[in-house]
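Enquirer: Pasting start21.txt here (compact mmCIF, C-alpha atoms):
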# COMPACT_ATOMS: atom_id res chain seq x y z
CA MET S 758 98.84 133.10 98.87
CA ALA S 759 99.12 133.05 95.08
CA THR S 760 102.57 133.86 93.70
CA GLU S 761 103.01 134.97 90.10
CA GLN S 762 106.17 133.77 88.37
CA GLY S 763 109.10 136.11 89.01
CA THR S 764 107.34 138.24 91.64
CA ILE S 765 109.43 139.93 94.34
CA HIS S 766 107.54 140.22 97.64
CA VAL S 767 108.63 142.55 100.44
CA ALA S 768 107.10 142.22 103.92
CA VAL S 769 108.12 144.54 106.76
CA VAL S 770 106.51 143.96 110.15
CA ASP S 771 109.64 144.50 112.14
CA GLN S 772 109.45 145.19 115.85
CA GLY S 773 113.05 143.97 116.09
CA VAL S 774 114.43 146.57 113.68
CA GLY S 775 117.96 147.58 114.69
CA SER S 776 118.45 144.45 116.81
CA ARG S 777 120.47 141.31 115.97
CA ARG S 778 117.61 139.66 114.06
CA LYS S 779 118.65 138.76 110.52
CA ALA S 780 117.37 140.27 107.32
CA ILE S 781 116.76 137.64 104.62
CA ALA S 782 115.78 136.92 101.05
CA VAL S 783 114.18 133.59 100.16
CA GLN S 784 114.17 132.27 96.58
CA THR S 785 111.28 129.98 95.70
CA ALA S 786 110.27 128.23 92.51
CA LYS S 787 108.10 131.21 91.61
CA GLY S 788 109.66 134.33 93.12
CA VAL S 789 111.65 135.95 95.91
CA PHE S 790 110.50 136.98 99.41
CA VAL S 791 112.40 139.72 101.26
CA GLY S 792 111.98 140.77 104.88
CA PRO S 793 113.11 140.46 108.49
CA ASP S 794 113.76 136.98 109.81
CA ASN S 795 111.16 137.16 112.57
CA GLY S 796 108.51 134.82 111.18
CA VAL S 797 106.68 137.40 109.06
CA LEU S 798 107.55 135.48 105.86
CA SER S 799 106.81 132.01 107.22
CA TRP S 800 103.10 131.74 106.38
CA ALA S 801 103.61 133.14 102.88
CA LEU S 802 106.35 130.56 102.33
CA ALA S 803 104.46 127.64 103.89
CA LYS S 804 103.46 126.09 100.56
CA GLU S 805 106.25 127.44 98.37
CA LYS S 806 109.03 125.25 96.98
CA LEU S 807 112.20 126.73 98.49
CA ARG S 808 115.33 127.13 96.38
CA ALA S 809 117.68 129.30 98.46
CA ILE S 810 117.82 131.41 101.63
CA HIS S 811 120.37 134.22 102.00
CA ALA S 812 121.12 136.76 104.72
CA LEU S 813 121.16 140.38 103.57
CA GLU S 814 124.70 141.52 104.37
CA ASN S 815 125.98 143.11 101.17
CA GLU S 816 125.89 146.79 102.11
CA ALA S 817 126.43 147.79 98.49
CA CYS S 818 122.74 146.86 98.01
CA PHE S 819 121.55 149.09 100.87
CA LEU S 820 120.58 152.75 100.99
CA GLN S 821 123.30 154.56 102.93
CA PRO S 822 123.46 155.49 105.69
CA VAL S 823 121.37 152.66 107.16
CA SER S 824 119.24 153.84 110.06
CA HIS S 825 118.58 151.75 113.15
CA THR S 826 114.80 152.21 112.88
CA PHE S 827 113.81 152.13 109.18
CA HIS S 828 115.15 149.01 107.47
CA GLY S 829 112.10 148.88 105.22
CA ARG S 830 113.44 151.99 103.46
CA ASP S 831 117.17 151.40 103.87
CA ILE S 832 117.55 147.62 103.37
CA PHE S 833 114.46 145.72 102.20
CA ALA S 834 113.20 148.08 99.47
CA PRO S 835 116.69 148.67 97.97
CA VAL S 836 117.42 144.91 98.00
CA ALA S 837 114.14 144.26 96.17
CA ALA S 838 115.09 146.91 93.61
CA HIS S 839 118.49 145.23 93.03
CA LEU S 840 116.79 141.86 92.60
CA SER S 841 114.38 143.37 90.07
CA ARG S 842 117.39 144.58 88.08
CA GLY S 843 118.81 141.06 87.90
CA VAL S 844 121.21 140.92 90.85
CA PRO S 845 121.38 137.22 91.85
CA ILE S 846 120.29 136.33 95.37
CA GLN S 847 123.75 134.84 96.05
CA LYS S 848 125.23 138.36 95.86
CA LEU S 849 123.17 139.57 98.80
CA GLY S 850 124.98 137.65 101.52
CA PRO S 851 125.80 134.20 102.91
CA ALA S 852 123.48 131.23 102.45
CA LEU S 853 121.32 130.14 105.39
CA ARG S 854 119.83 126.74 106.12
CA ASP S 855 116.47 127.93 107.45
CA PHE S 856 114.43 130.89 108.67
CA VAL S 857 112.18 131.62 111.65
CA ARG S 858 108.85 129.82 111.23
CA LEU S 859 105.59 130.62 113.01
CA ASP S 860 103.20 127.78 113.78
CA TRP S 861 100.29 127.47 111.35
CA PRO S 862 97.20 125.71 112.74
CA GLU S 863 96.25 123.09 110.17
CA PRO S 864 92.52 122.47 109.62
CA ARG S 865 91.23 119.02 110.55
CA ALA S 866 88.86 116.85 108.57
CA ARG S 867 85.84 115.68 110.52
CA ARG S 868 82.67 113.83 109.63
CA GLY S 869 80.67 116.01 107.27
CA GLY S 870 83.17 118.85 107.10
CA PHE S 871 86.34 120.51 108.32
CA GLU S 872 87.30 122.13 111.61
CA GLY S 873 89.51 125.22 111.74
CA GLU S 874 89.93 128.42 113.68
CA VAL S 875 90.13 132.19 113.36
CA VAL S 876 93.72 133.24 112.64
CA TYR S 877 93.27 136.96 111.92
CA ILE S 878 90.70 139.73 112.41
CA ASP S 879 90.91 142.65 109.99
CA ARG S 880 90.12 146.30 110.69
CA PHE S 881 86.48 145.79 109.63
CA GLY S 882 85.95 143.05 112.20
CA ASN S 883 85.92 140.25 109.62
CA ALA S 884 87.39 137.01 111.00
CA ILE S 885 89.70 135.18 108.58
CA THR S 886 90.11 131.46 109.27
CA ASN S 887 92.69 128.83 108.31
CA LEU S 888 90.10 127.02 106.14
CA GLU S 889 91.09 127.30 102.47
CA GLY S 890 88.50 128.06 99.82
CA GLY S 891 89.76 125.02 97.92
CA LEU S 892 87.92 122.81 100.40
CA LEU S 893 84.71 123.79 98.59
CA ARG S 894 83.47 122.77 95.18
CA GLY S 895 80.57 125.19 95.16
CA PRO S 896 80.81 128.76 96.57
CA ASP S 897 77.11 128.84 97.47
CA ALA S 898 76.89 125.42 99.10
CA GLY S 899 76.88 124.81 102.82
CA SER S 900 77.29 126.66 106.08
CA CYS S 901 79.72 127.39 108.90
CA GLU S 902 79.24 126.85 112.60
CA VAL S 903 81.06 129.41 114.74
CA TYR S 904 81.82 128.44 118.32
CA ALA S 905 82.35 131.70 120.20
CA LYS S 906 80.12 132.74 123.11
CA ARG S 907 77.49 130.39 121.72
CA ARG S 908 77.18 128.39 118.53
CA ARG S 909 76.07 130.44 115.55
CA THR S 910 75.41 129.20 112.03
CA CYS S 911 76.44 131.35 109.07
CA LEU S 912 75.31 130.56 105.55
CA LEU S 913 78.06 130.19 102.98
CA LYS S 914 77.69 132.83 100.24
CA ARG S 915 79.70 134.52 97.48
CA PHE S 916 79.74 138.08 98.86
CA TYR S 917 78.83 140.15 101.94
CA GLN S 918 75.48 141.54 100.76
CA ALA S 919 74.15 138.13 99.76
CA VAL S 920 72.47 138.14 103.20
CA ALA S 921 70.27 140.71 104.91
CA PRO S 922 71.91 143.67 106.72
CA LYS S 923 73.40 142.88 110.16
CA THR S 924 73.29 139.14 109.33
CA PRO S 925 76.31 136.81 109.72
CA VAL S 926 77.74 135.33 106.52
CA ALA S 927 80.63 133.02 105.63
CA LEU S 928 82.51 133.51 102.39
CA VAL S 929 85.84 132.92 100.70
CA GLY S 930 87.57 136.30 100.89
CA SER S 931 90.31 137.89 98.81
CA SER S 932 92.95 135.98 100.81
CA GLY S 933 91.55 132.70 99.50
CA PHE S 934 90.53 131.62 103.00
CA LEU S 935 87.10 131.34 104.53
CA GLU S 936 86.07 134.35 106.59
CA ILE S 937 83.17 135.14 108.89
CA ALA S 938 81.58 138.56 108.46
CA ILE S 939 78.51 140.62 109.29
CA ASN S 940 76.83 142.45 106.42
CA GLY S 941 77.31 146.07 107.46
CA GLY S 942 78.83 145.26 110.84
CA SER S 943 81.71 143.70 112.77
CA ALA S 944 81.76 139.93 113.27
CA GLU S 945 84.36 140.46 115.99
CA LYS S 946 81.95 142.56 118.05
CA VAL S 947 78.61 140.96 117.17
CA LEU S 948 79.70 137.33 117.44
CA GLY S 949 82.42 137.79 120.04
CA LEU S 950 85.08 136.31 117.75
CA ARG S 951 88.72 136.14 118.75
CA ILE S 952 91.88 134.67 117.28
CA GLY S 953 91.60 130.97 118.06
CA THR S 954 87.79 130.83 117.92
CA ARG S 955 86.72 127.42 116.62
CA VAL S 956 84.97 127.30 113.23
CA VAL S 957 83.42 124.22 111.59
CA LEU S 958 82.81 124.26 107.85
CA ARG S 959 79.96 122.01 106.70
CA PRO S 960 79.96 122.19 102.91
CA ASP S 961 77.28 120.45 100.88
CA SER S 962 80.11 119.15 98.68
CA ALA S 963 83.56 118.93 100.22
CA LEU S 964 86.75 117.66 98.69
CA PRO S 965 88.16 114.44 100.15
CA ALA S 966 90.32 114.94 103.22
CA ARG S 967 94.00 115.39 102.32
Would you mind writing the file out in structure tokens?
Expert:
Amino acid sequence: MATEQGTIHVAVVDQGVGSRRKAIAVQTAKGVFVGPDNGVLSWALAKEKLRAIHALENEACFLQPVSHTFHGRDIFAPVAAHLSRGVPIQKLGPALRDFVRLDWPEPRARRGGFEGEVVYIDRFGNAITNLEGGLLRGPDAGSCEVYAKRRRTCLLKRFYQAVAPKTPVALVGSSGFLEIAINGGSAEKVLGLRIGTRVVLRPDSALPAR
């Protein structure tokens, strides 16, 4: 995830709203991330340089009265607004040592390529993997092997319609990660993809393993 200098990010996927889960703000070298402390921020923060973590407890920064079911409106958005007006993160509440972190499956280097897996399937049926686009030097070089119900090979292209209709294609999507798609269809349905499905990237020119 690219972070522009000074950006304030708010993420609210909050099934624990109203419970004892903490609300937090995390200062990084580039910006601030605000949201519930349930792991939703962990992947966005995975490669950020952390500066400070604070619980959101200063009710003067909240919209009153605070509901038990809508903290996105009553806590997170108002806190982001205060931060944008120059309120220092230290004013939001006490410092914390860490936050809830979700596991991130790291890709593995293997002979002739990299092995990863599907980590998310969007509403179009495109399967986003944990393989970063930075592993490639050329966007039109190589292929992906998808190990779902049976092995399928998808050519690596720049965009969805670079292949014939109803044909599988691999490309670096807007997230910056490699995704598997079907031109005009759902890769989830056609290829039987699921979260955790193994994907092997075989680029013609790959960066050295890190």
Enquirer: Is it possible to get the residues within 7 Å of (90.2, 129.8, 103.8) (coordinates as in the file, counting all atoms listed in the file) written as a list in words?
Expert: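 The requested residues, written out, are Thr886, Asn887, Leu888, Glu889, Gly890, Val929, Gly933, Phe934, Leu935 and Glu936 of chain S.
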Enquirer: So which one's closest to S:Val876, S:Leu813, S:Ala782, S:Ile937, S:Leu807? Using only C-alpha atoms, please.
Expert: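 Closest candidate: S:Ile937.
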Enquirer: One decimal, Å: what's the distance from atom CA of S:Gly843 over to atom CA of S:Asp855, could you say?
Expert: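 Here the two named atoms are 23.7 Å from each other.
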Enquirer: Could you state the separation of atom CA of S:Glu945 and atom CA of S:Glu902 in Å, given to one decimal place?
Expert: 14.9 Å
Enquirer: For S:Val857, which residue among S:Ile832, S:Ala780, S:Ile765, S:Leu892 is the nearest when counting all atoms listed in the file?
Expert: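 The shortest atom-to-atom distance to S:Val857 comes from S:Ala780.
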Enquirer: Suppose you want the space between atom CA of S:Pro862 and atom CA of S:Leu893; what is it in Å?
Expert: 19.0 Å
Enquirer: Identify, on the basis of only C-alpha atoms, every residue whose closest approach to S:Gln821 does not exceed 12 Å; exclude the query and any residue fewer than 3 positions from it along the same chain; express the result as a list of chain:residue names.
Expert: S:Asn815, S:Glu816, S:Ala817, S:Cys818, S:Ser824, S:His825, S:Phe827, S:His828, S:Arg830, S:Asp831, S:Ile832, S:Pro835
Enquirer: Hey, what's within 10 Å of S:Leu798 if we count only C-alpha atoms and toss same-chain stuff fewer than 4 positions away? As a list in words, please?
Expert: His766, Val767, Ala768, Val769, Val770, Ile781, Ala782, Val783, Phe790, Val791, Gly792, Pro793, Asp794, Leu802, Ala803, Phe856, Val857, Arg858 and Leu859 of chain S
Enquirer: So, counting only C-alpha atoms, which residue among S:Pro922, S:Gly829, S:Ser799, S:Thr785 is closest to S:Gly773?
Expert: S:Gly829
Enquirer: Would you mind listing what lies within 12 Å of S:Thr910 as an NGL selection string, with all atoms listed in the file counted and same-chain residues fewer than 3 positions away left out?
Expert: :S and (899-905 or 907 or 913 or 924-927 or 937-938 or 948 or 956-959)
